[in-house]
file entry.txt (compact mmCIF, C-alpha atoms and all ligand atoms)
# COMPACT_ATOMS: atom_id res chain seq x y z
CA MET A 48 0.00 0.00 0.00
CA LYS A 49 1.30 3.37 -0.99
CA LYS A 50 1.71 5.92 1.77
CA GLN A 51 0.16 9.21 0.73
CA ILE A 52 0.01 11.37 3.84
CA GLU A 53 2.60 11.28 6.60
CA VAL A 54 2.04 13.29 9.72
CA ASN A 55 4.88 12.96 12.22
CA HIS A 56 4.94 14.38 15.75
CA LEU A 57 2.74 17.29 14.76
CA SER A 58 1.93 19.86 17.41
CA PHE A 59 0.05 23.12 17.10
CA SER A 60 -0.54 25.93 19.59
CA TYR A 61 -2.37 29.22 19.58
CA HIS A 62 -0.15 31.44 21.69
CA ASP A 63 0.42 29.33 24.82
CA THR A 64 -2.51 26.98 24.34
CA THR A 65 -1.68 23.57 22.91
CA ILE A 66 -4.44 22.55 20.49
CA LEU A 67 -2.79 19.46 18.98
CA ASP A 68 -0.14 17.50 20.83
CA ASP A 69 2.35 15.15 19.18
CA ILE A 70 0.12 13.70 16.46
CA THR A 71 1.45 10.94 14.23
CA LEU A 72 -0.81 9.55 11.50
CA HIS A 73 0.01 7.78 8.26
CA ILE A 74 -2.63 7.53 5.54
CA ASN A 75 -2.37 5.23 2.52
CA GLN A 76 -3.69 5.86 -0.94
CA GLY A 77 -7.37 4.85 -0.99
CA ASP A 78 -7.83 4.97 2.78
CA TYR A 79 -11.12 6.27 4.12
CA VAL A 80 -10.36 7.96 7.42
CA ALA A 81 -13.03 9.20 9.81
CA ILE A 82 -11.91 11.89 12.21
CA ILE A 83 -14.13 12.01 15.25
CA GLY A 84 -13.90 13.74 18.62
CA PRO A 85 -15.55 16.36 20.81
CA ASN A 86 -16.22 19.94 19.82
CA GLY A 87 -13.10 22.01 20.27
CA GLY A 88 -10.93 18.88 20.16
CA GLY A 89 -8.86 20.22 17.27
CA LYS A 90 -10.36 18.39 14.26
CA THR A 91 -10.77 21.48 12.08
CA THR A 92 -7.35 22.76 13.11
CA PHE A 93 -5.87 19.42 12.05
CA VAL A 94 -7.43 19.51 8.57
CA ARG A 95 -6.38 23.13 8.10
CA LEU A 96 -2.81 22.06 8.86
CA LEU A 97 -3.14 19.28 6.26
CA LEU A 98 -4.16 21.92 3.73
CA GLY A 99 -1.27 24.22 4.60
CA LEU A 100 -3.68 26.91 5.80
CA ARG A 101 -1.91 26.84 9.19
CA GLU A 102 1.73 26.24 10.04
CA ALA A 103 2.71 23.49 12.47
CA THR A 104 4.30 24.65 15.71
CA SER A 105 6.47 21.53 15.52
CA GLY A 106 6.55 18.25 13.62
CA THR A 107 6.02 17.61 9.92
CA ILE A 108 3.32 16.91 7.37
CA MET A 109 4.16 15.44 3.97
CA ILE A 110 1.56 14.77 1.29
CA ALA A 111 2.87 12.65 -1.58
CA LYS A 112 6.34 13.75 -0.47
CA GLN A 113 5.42 17.42 -0.74
CA THR A 114 4.61 20.13 1.77
CA PRO A 115 0.89 20.75 2.34
CA LYS A 116 1.04 24.09 0.53
CA LYS A 117 2.58 22.51 -2.57
CA ALA A 118 0.15 19.58 -2.42
CA ARG A 119 -2.94 21.74 -2.02
CA ASN A 120 -3.91 21.55 -5.68
CA THR A 121 -4.28 17.76 -5.30
CA ILE A 122 -6.80 18.09 -2.46
CA GLY A 123 -10.52 18.69 -2.77
CA TYR A 124 -11.76 20.43 0.37
CA LEU A 125 -15.16 21.04 1.86
CA PRO A 126 -14.81 23.44 4.80
CA GLN A 127 -16.91 23.13 7.94
CA TYR A 128 -18.53 26.51 7.41
CA VAL A 129 -19.20 27.88 3.97
CA ASN A 130 -20.58 31.38 4.13
CA PHE A 131 -22.51 32.16 1.04
CA ASN A 132 -24.09 35.46 0.42
CA MET A 133 -27.57 34.14 -0.23
CA ASP A 134 -28.37 37.13 -2.41
CA MET A 135 -25.56 36.34 -4.81
CA PRO A 136 -27.01 35.71 -8.25
CA ILE A 137 -24.54 32.83 -8.84
CA ASN A 138 -26.07 29.49 -9.83
CA VAL A 139 -25.11 25.90 -9.05
CA MET A 140 -23.09 25.36 -12.24
CA GLU A 141 -21.03 28.47 -11.52
CA ILE A 142 -20.34 27.30 -7.96
CA VAL A 143 -19.06 23.93 -9.21
CA LEU A 144 -16.96 25.64 -11.89
CA GLN A 145 -15.09 27.45 -9.10
CA GLY A 146 -13.47 24.05 -8.53
CA ARG A 147 -11.85 24.47 -11.97
CA MET A 148 -10.43 27.87 -11.08
CA GLN A 149 -6.68 28.22 -11.41
CA LYS A 150 -4.24 31.03 -10.97
CA ASP A 151 -4.05 33.29 -14.04
CA LYS A 152 -6.97 31.52 -15.68
CA LEU A 153 -9.31 33.97 -17.36
CA PHE A 154 -12.20 31.82 -18.51
CA TYR A 155 -13.60 28.33 -18.22
CA THR A 156 -13.13 25.93 -21.12
CA LYS A 157 -15.66 23.53 -22.57
CA GLU A 158 -13.80 20.75 -20.76
CA ASP A 159 -14.20 22.59 -17.45
CA ARG A 160 -17.95 22.71 -18.02
CA GLU A 161 -18.08 19.04 -18.92
CA ILE A 162 -16.11 18.08 -15.81
CA ALA A 163 -18.30 20.29 -13.60
CA LEU A 164 -21.47 18.74 -15.02
CA ALA A 165 -20.09 15.22 -14.61
CA GLN A 166 -19.45 15.88 -10.91
CA LEU A 167 -22.98 17.23 -10.45
CA GLU A 168 -24.23 14.02 -12.05
CA LYS A 169 -22.06 11.94 -9.74
CA MET A 170 -23.61 13.76 -6.77
CA GLN A 171 -27.05 13.26 -8.36
CA VAL A 172 -27.90 16.94 -8.52
CA SER A 173 -27.27 17.84 -12.17
CA HIS A 174 -30.98 18.68 -12.55
CA LEU A 175 -30.34 21.62 -10.19
CA LYS A 176 -27.61 23.18 -12.29
CA GLU A 177 -29.52 26.39 -13.05
CA ARG A 178 -30.70 26.92 -9.48
CA LYS A 179 -29.52 29.72 -7.21
CA ILE A 180 -27.95 28.82 -3.83
CA LYS A 181 -30.88 30.10 -1.82
CA GLU A 182 -33.16 27.73 -3.74
CA LEU A 183 -31.37 24.62 -2.43
CA SER A 184 -32.03 22.50 0.66
CA GLY A 185 -29.18 21.89 3.10
CA GLY A 186 -28.50 18.45 1.65
CA GLN A 187 -28.58 19.68 -1.95
CA ARG A 188 -26.18 22.47 -1.07
CA GLN A 189 -23.68 20.03 0.44
CA ARG A 190 -23.84 17.85 -2.67
CA VAL A 191 -23.15 20.89 -4.83
CA LEU A 192 -20.17 21.78 -2.64
CA LEU A 193 -18.95 18.19 -2.89
CA ALA A 194 -19.23 18.45 -6.66
CA ARG A 195 -17.14 21.63 -6.51
CA ALA A 196 -14.47 19.82 -4.46
CA LEU A 197 -14.51 16.94 -7.00
CA ALA A 198 -14.36 19.26 -10.01
CA LYS A 199 -10.75 19.93 -9.07
CA GLU A 200 -10.13 16.24 -9.89
CA PRO A 201 -8.30 15.74 -6.60
CA THR A 202 -6.54 12.60 -5.43
CA ILE A 203 -7.48 13.39 -1.81
CA LEU A 204 -10.80 14.61 -0.43
CA ILE A 205 -10.98 16.36 2.93
CA LEU A 206 -14.49 17.03 4.19
CA ASP A 207 -15.11 18.85 7.47
CA GLU A 208 -18.49 17.83 8.91
CA PRO A 209 -20.17 17.54 5.50
CA THR A 210 -23.52 16.42 6.89
CA ALA A 211 -23.82 18.59 9.99
CA SER A 212 -27.11 20.27 9.01
CA ILE A 213 -28.72 17.37 7.14
CA ASP A 214 -31.43 14.98 8.30
CA LEU A 215 -30.52 11.35 8.97
CA GLU A 216 -31.81 10.01 5.66
CA GLY A 217 -29.91 12.68 3.73
CA GLN A 218 -26.74 11.89 5.71
CA LYS A 219 -26.95 8.22 4.81
CA GLU A 220 -27.32 9.07 1.14
CA ILE A 221 -24.30 11.35 1.19
CA TYR A 222 -22.17 8.75 2.98
CA ALA A 223 -23.24 6.16 0.41
CA LEU A 224 -22.10 8.51 -2.37
CA LEU A 225 -18.80 9.15 -0.59
CA LYS A 226 -18.16 5.44 -0.23
CA SER A 227 -18.33 5.07 -4.01
CA LEU A 228 -15.58 7.67 -4.63
CA PRO A 229 -12.11 6.24 -5.31
CA GLN A 230 -10.13 9.10 -3.74
CA THR A 231 -8.33 8.94 -0.42
CA LYS A 232 -10.91 10.38 1.95
CA ILE A 233 -10.60 12.17 5.27
CA VAL A 234 -13.99 13.00 6.72
CA VAL A 235 -14.52 14.86 9.97
CA SER A 236 -17.72 13.94 11.73
CA HIS A 237 -18.93 13.93 15.27
CA ASP A 238 -21.60 11.56 14.09
CA ILE A 239 -20.25 8.02 14.41
CA ASN A 240 -22.87 6.69 12.03
CA ILE A 241 -20.32 7.53 9.37
CA LEU A 242 -18.70 4.24 10.39
CA PHE A 243 -21.41 2.37 8.56
CA GLU A 244 -20.00 3.32 5.26
CA GLY A 245 -16.66 1.83 4.36
CA VAL A 246 -14.35 3.70 6.73
CA ASN A 247 -11.12 1.76 7.37
CA LYS A 248 -9.44 4.04 9.93
CA VAL A 249 -10.92 6.06 12.75
CA ALA A 250 -8.84 8.82 14.28
CA HIS A 251 -10.20 10.20 17.52
CA ILE A 252 -8.79 13.68 18.05
CA ASN A 253 -8.97 15.50 21.34
CA LYS A 254 -5.65 17.35 21.51
CA LYS A 255 -4.05 13.93 21.19
CA LEU A 256 -4.85 11.41 18.47
CA HIS A 257 -5.96 7.84 19.03
CA LEU A 258 -6.17 5.66 15.98
CA HIS A 259 -8.26 2.59 15.43
CA GLU A 260 -7.82 0.63 12.22
CA GLY A 261 -10.22 -1.81 10.65
CA VAL A 262 -13.16 -0.52 12.66
CA SER A 263 -15.82 -1.44 10.12
CA GLU A 264 -14.88 -5.12 10.26
CA THR A 265 -14.60 -5.17 14.05
CA ILE A 266 -17.90 -3.61 14.91
CA ARG A 267 -20.15 -4.44 12.00
CA LYS A 268 -22.66 -7.05 13.04
CA ASN A 269 -23.91 -9.80 10.75
CA ASP A 270 -27.22 -8.03 10.44
CA GLY A 271 -25.50 -4.73 9.76
CA HIS A 272 -26.59 -3.44 13.13
CA PHE A 273 -24.19 -0.98 14.59
CA CYS A 274 -23.46 -0.76 18.28
CA GLU A 275 -22.29 2.59 19.54
CA MET A 276 -21.25 1.24 22.94
CA GLU A 277 -18.96 -1.26 21.31
CA LEU A 278 -17.20 1.45 19.36
CA LEU A 279 -16.73 3.50 22.49
CA ASP A 280 -15.22 0.44 24.19
CA ILE A 281 -12.84 -0.07 21.30
CA LEU A 282 -11.76 3.55 21.42
CA LYS A 283 -11.36 3.37 25.18
CA GLU A 284 -9.10 0.33 24.89
CA ASN A 285 -7.18 2.27 22.32
CA HIS A 286 -6.65 5.13 24.77
CA VAL A 287 -4.75 2.98 27.26
N1 LIG I 301 -8.09 31.47 15.60
C1 LIG I 301 -8.05 30.87 16.80
N2 LIG I 301 -7.39 31.44 17.84
C2 LIG I 301 -7.34 30.84 19.06
N3 LIG I 301 -7.91 29.63 19.32
C3 LIG I 301 -8.58 29.03 18.33
C4 LIG I 301 -8.68 29.59 17.02
N4 LIG I 301 -9.38 28.73 16.22
C5 LIG I 301 -9.70 27.69 17.02
N5 LIG I 301 -9.23 27.85 18.25
C6 LIG I 301 -9.35 26.88 19.38
O1 LIG I 301 -8.75 25.67 19.01
C7 LIG I 301 -9.44 24.58 19.58
C8 LIG I 301 -9.77 23.56 18.51
O2 LIG I 301 -10.73 24.09 17.61
P1 LIG I 301 -11.20 23.29 16.33
O3 LIG I 301 -10.01 22.80 15.61
O4 LIG I 301 -12.14 24.17 15.58
O5 LIG I 301 -11.97 22.06 16.99
P2 LIG I 301 -13.06 21.06 16.38
O6 LIG I 301 -13.06 21.23 14.89
O7 LIG I 301 -12.61 19.69 16.83
O8 LIG I 301 -14.38 21.44 17.00
C9 LIG I 301 -10.67 25.16 20.28
O9 LIG I 301 -10.39 25.24 21.66
C10 LIG I 301 -10.80 26.54 19.68
O10 LIG I 301 -11.38 27.43 20.58
MG MG I 302 -14.55 21.69 13.55

call {"tool": "encode", "arguments": {"input": "entry.txt", "output": "structure tokens", "more": "lines below"}}
Ligand SMILES: Nc1ncnc2c1ncn2[C@@H]1O[C@H](COP(=O)(O)OP(=O)(O)O)[C@@H](O)[C@H]1O
Ligand SMILES: [Mg+2]
result
Amino acid sequence: MKKQIEVNHLSFSYHDTTILDDITLHINQGDYVAIIGPNGGGKTTFVRLLLGLREATSGTIMIAKQTPKKARNTIGYLPQYVNFNMDMPINVMEIVLQGRMQKDKLFYTKEDREIALAQLEKMQVSHLKERKIKELSGGQRQRVLLARALAKEPTILILDEPTASIDLEGQKEIYALLKSLPQTKIVVSHDINILFEGVNKVAHINKKLHLHEGVSETIRKNDGHFCEMELLDILKENHV
């Protein structure tokens, strides 16, 4: 298995407050990593470090042997909070095309439009391509933003709480779509139901990181029933 992301002894502080403490995590190509943990535990800070949007206080991050900043164009990112001006006249297609934006690029090509449309189809929302943002439900909006992240044709997807404001049925649908994507995936969620859907590593982050591999196989019951208590036990064992 090819190692794609190597985080070694990473620490991060704001002033004198340690937010992340000595985190080591190796991610292989094709891994599907769930990052879980309490609010304020440092999950968003960790993904922003992966994207090179913050500098480590100590330790290193390498993504395909490059620094996060250099590797950023290979990563599709869905931030935790996307603030749209709801009055913006921009439509869905134009939002997805932003994923094709590059430095010094003046206009979108026909290929850009084809790629953008293909991603909307993959997320099953191509019928909404003329809609304005304010005309979308929460779930539709997240699918459009996922399509924008995919339009970049990334090798890695990093999604920060992609289903936070979506009902349970909508969440399941989005996780089913995610499972079908071939990219290396890192998905932050405080909803452990994400573990239903093909995750092979769970990183629990609360200042420190505790990793559990092969969770799906360990906790998945024959009838597909998922036991939250069992997962918590596994993570507890992992803490010792
Ligand atoms: N710009 C900032 N300055 C100081 N502290 C911050 C800043 N951003 C986040 N924090 C703190 O860092 C900690 C981790 O936050 P965050 O990474 O957003 O956690 P999570 O995503 O797990 O909820 C929190 O205690 C938060 O208050
Ligand atoms: Mg967060």

call {"tool": "closest_residue", "arguments": {"input": "entry.txt", "among": "A:Glu168, A:Leu256, A:Lys112, A:Asn247", "to": "His56 (chain A)", "atoms": "all atoms listed in the file"}}
result
A:Leu256

call {"tool": "closest_residue", "arguments": {"input": "entry.txt", "among": "A:Ile137, A:Ile66, A:Ile52, A:Ala194", "to": "ligand LIG 301 (chain I)", "atoms": "all atoms listed in the file"}}
result
A:Ile66

call {"tool": "closest_atom_pairs", "arguments": {"input": "entry.txt", "of": "chain A", "to": "ligand LIG 301 (chain I)", "cutoff": "10 Å", "atoms": "all atoms listed in the file", "output": "CSV"}}
result
residue,atom,partner,partner_atom,distance
A:Phe59,CA,I:LIG301,O1,9.4
A:Ser60,CA,I:LIG301,O1,8.2
A:Tyr61,CA,I:LIG301,C2,5.3
A:His62,CA,I:LIG301,C2,7.7
A:Asp63,CA,I:LIG301,C2,9.8
A:Thr64,CA,I:LIG301,N3,7.8
A:Thr65,CA,I:LIG301,O1,8.3
A:Ile66,CA,I:LIG301,C7,5.5
A:Leu67,CA,I:LIG301,C8,8.1
A:Ile82,CA,I:LIG301,O7,9.1
A:Ile83,CA,I:LIG301,O7,8.0
A:Gly84,CA,I:LIG301,O7,6.3
A:Pro85,CA,I:LIG301,O7,6.0
A:Asn86,CA,I:LIG301,O8,3.7
A:Gly87,CA,I:LIG301,O5,3.5
A:Gly88,CA,I:LIG301,O7,3.8
A:Gly89,CA,I:LIG301,O3,3.3
A:Lys90,CA,I:LIG301,O7,3.7
A:Thr91,CA,I:LIG301,O6,3.6
A:Thr92,CA,I:LIG301,O3,3.7
A:Phe93,CA,I:LIG301,O3,6.4
A:Val94,CA,I:LIG301,O3,8.2
A:Arg95,CA,I:LIG301,O3,8.3
A:Leu96,CA,I:LIG301,O3,9.9
A:Gln127,CA,I:LIG301,O6,8.2
A:Asp207,CA,I:LIG301,O6,8.1
A:Glu208,CA,I:LIG301,O6,8.8
A:Val235,CA,I:LIG301,O6,8.2
A:Ser236,CA,I:LIG301,O6,9.2
A:His237,CA,I:LIG301,O7,8.7
A:His251,CA,I:LIG301,O7,9.8
A:Ile252,CA,I:LIG301,O7,7.2
A:Asn253,CA,I:LIG301,O7,7.2
A:Lys254,CA,I:LIG301,C8,8.0

call {"tool": "closest_residue", "arguments": {"input": "entry.txt", "among": "A:His259, A:Glu161, A:Leu206, A:Asn132", "to": "ligand MG 302 (chain I)", "atoms": "all atoms listed in the file"}}
result
A:Leu206

call {"tool": "axis_aligned_box", "arguments": {"input": "entry.txt", "around": "region 71-78 of chain A", "padding_each_side": "3 Å", "output": "JSON"}}
result
{"center_x": -3.2, "center_y": 7.9, "center_z": 6.6, "size_x": 15.3, "size_y": 12.1, "size_z": 21.2}

call {"tool": "atom_distance", "arguments": {"input": "entry.txt", "atom1": "CA of Lys255 (chain A)", "atom2": "CA of Ile70 (chain A)"}}
result
6.3 Å

call {"tool": "closest_residue", "arguments": {"input": "entry.txt", "among": "A:Leu258, A:Leu57, A:Leu144, A:Leu98", "to": "Tyr124 (chain A)", "atoms": "all atoms listed in the file"}}
result
A:Leu98

call {"tool": "atom_distance", "arguments": {"input": "entry.txt", "atom1": "CA of Met48 (chain A)", "atom2": "CA of Ala111 (chain A)"}}
result
13.1 Å

call {"tool": "closest_residue", "arguments": {"input": "entry.txt", "among": "A:Ile142, A:Val234, A:Leu204, A:Leu175", "to": "ligand MG 302 (chain I)", "atoms": "all atoms listed in the file"}}
result
A:Val234

call {"tool": "closest_atom_pairs", "arguments": {"input": "entry.txt", "of": "region 128-197 of chain A", "to": "region 209-216 of chain A", "cutoff": "12 Å", "atoms": "all atoms listed in the file", "output": "JSON lines"}}
result
{"residue": "A:Tyr128", "atom": "CA", "partner": "A:Pro209", "partner_atom": "CA", "distance": 9.3}
{"residue": "A:Val129", "atom": "CA", "partner": "A:Pro209", "partner_atom": "CA", "distance": 10.5}
{"residue": "A:Ser184", "atom": "CA", "partner": "A:Ile213", "partner_atom": "CA", "distance": 8.9}
{"residue": "A:Gly185", "atom": "CA", "partner": "A:Ile213", "partner_atom": "CA", "distance": 6.1}
{"residue": "A:Gly186", "atom": "CA", "partner": "A:Ile213", "partner_atom": "CA", "distance": 5.6}
{"residue": "A:Gln187", "atom": "CA", "partner": "A:Ile213", "partner_atom": "CA", "distance": 9.4}
{"residue": "A:Arg188", "atom": "CA", "partner": "A:Ile213", "partner_atom": "CA", "distance": 10.0}
{"residue": "A:Gln189", "atom": "CA", "partner": "A:Pro209", "partner_atom": "CA", "distance": 6.6}
{"residue": "A:Arg190", "atom": "CA", "partner": "A:Pro209", "partner_atom": "CA", "distance": 9.0}
{"residue": "A:Val191", "atom": "CA", "partner": "A:Pro209", "partner_atom": "CA", "distance": 11.3}
{"residue": "A:Leu192", "atom": "CA", "partner": "A:Pro209", "partner_atom": "CA", "distance": 9.2}
{"residue": "A:Leu193", "atom": "CA", "partner": "A:Pro209", "partner_atom": "CA", "distance": 8.5}
{"residue": "A:Ala196", "atom": "CA", "partner": "A:Pro209", "partner_atom": "CA", "distance": 11.7}

call {"tool": "atom_distance", "arguments": {"input": "entry.txt", "atom1": "CA of Gly261 (chain A)", "atom2": "CA of Leu225 (chain A)"}}
result
17.9 Å

call {"tool": "closest_residue", "arguments": {"input": "entry.txt", "among": "A:Ile162, A:Pro126, A:Lys226, A:Lys49", "to": "ligand MG 302 (chain I)", "atoms": "all atoms listed in the file"}}
result
A:Pro126

call {"tool": "residues_around", "arguments": {"input": "entry.txt", "residues": "Pro229 (chain A)", "least_positions_apart": "5", "cutoff": "12 Å", "atoms": "all atoms listed in the file", "output": "count of residues only"}}
result
12
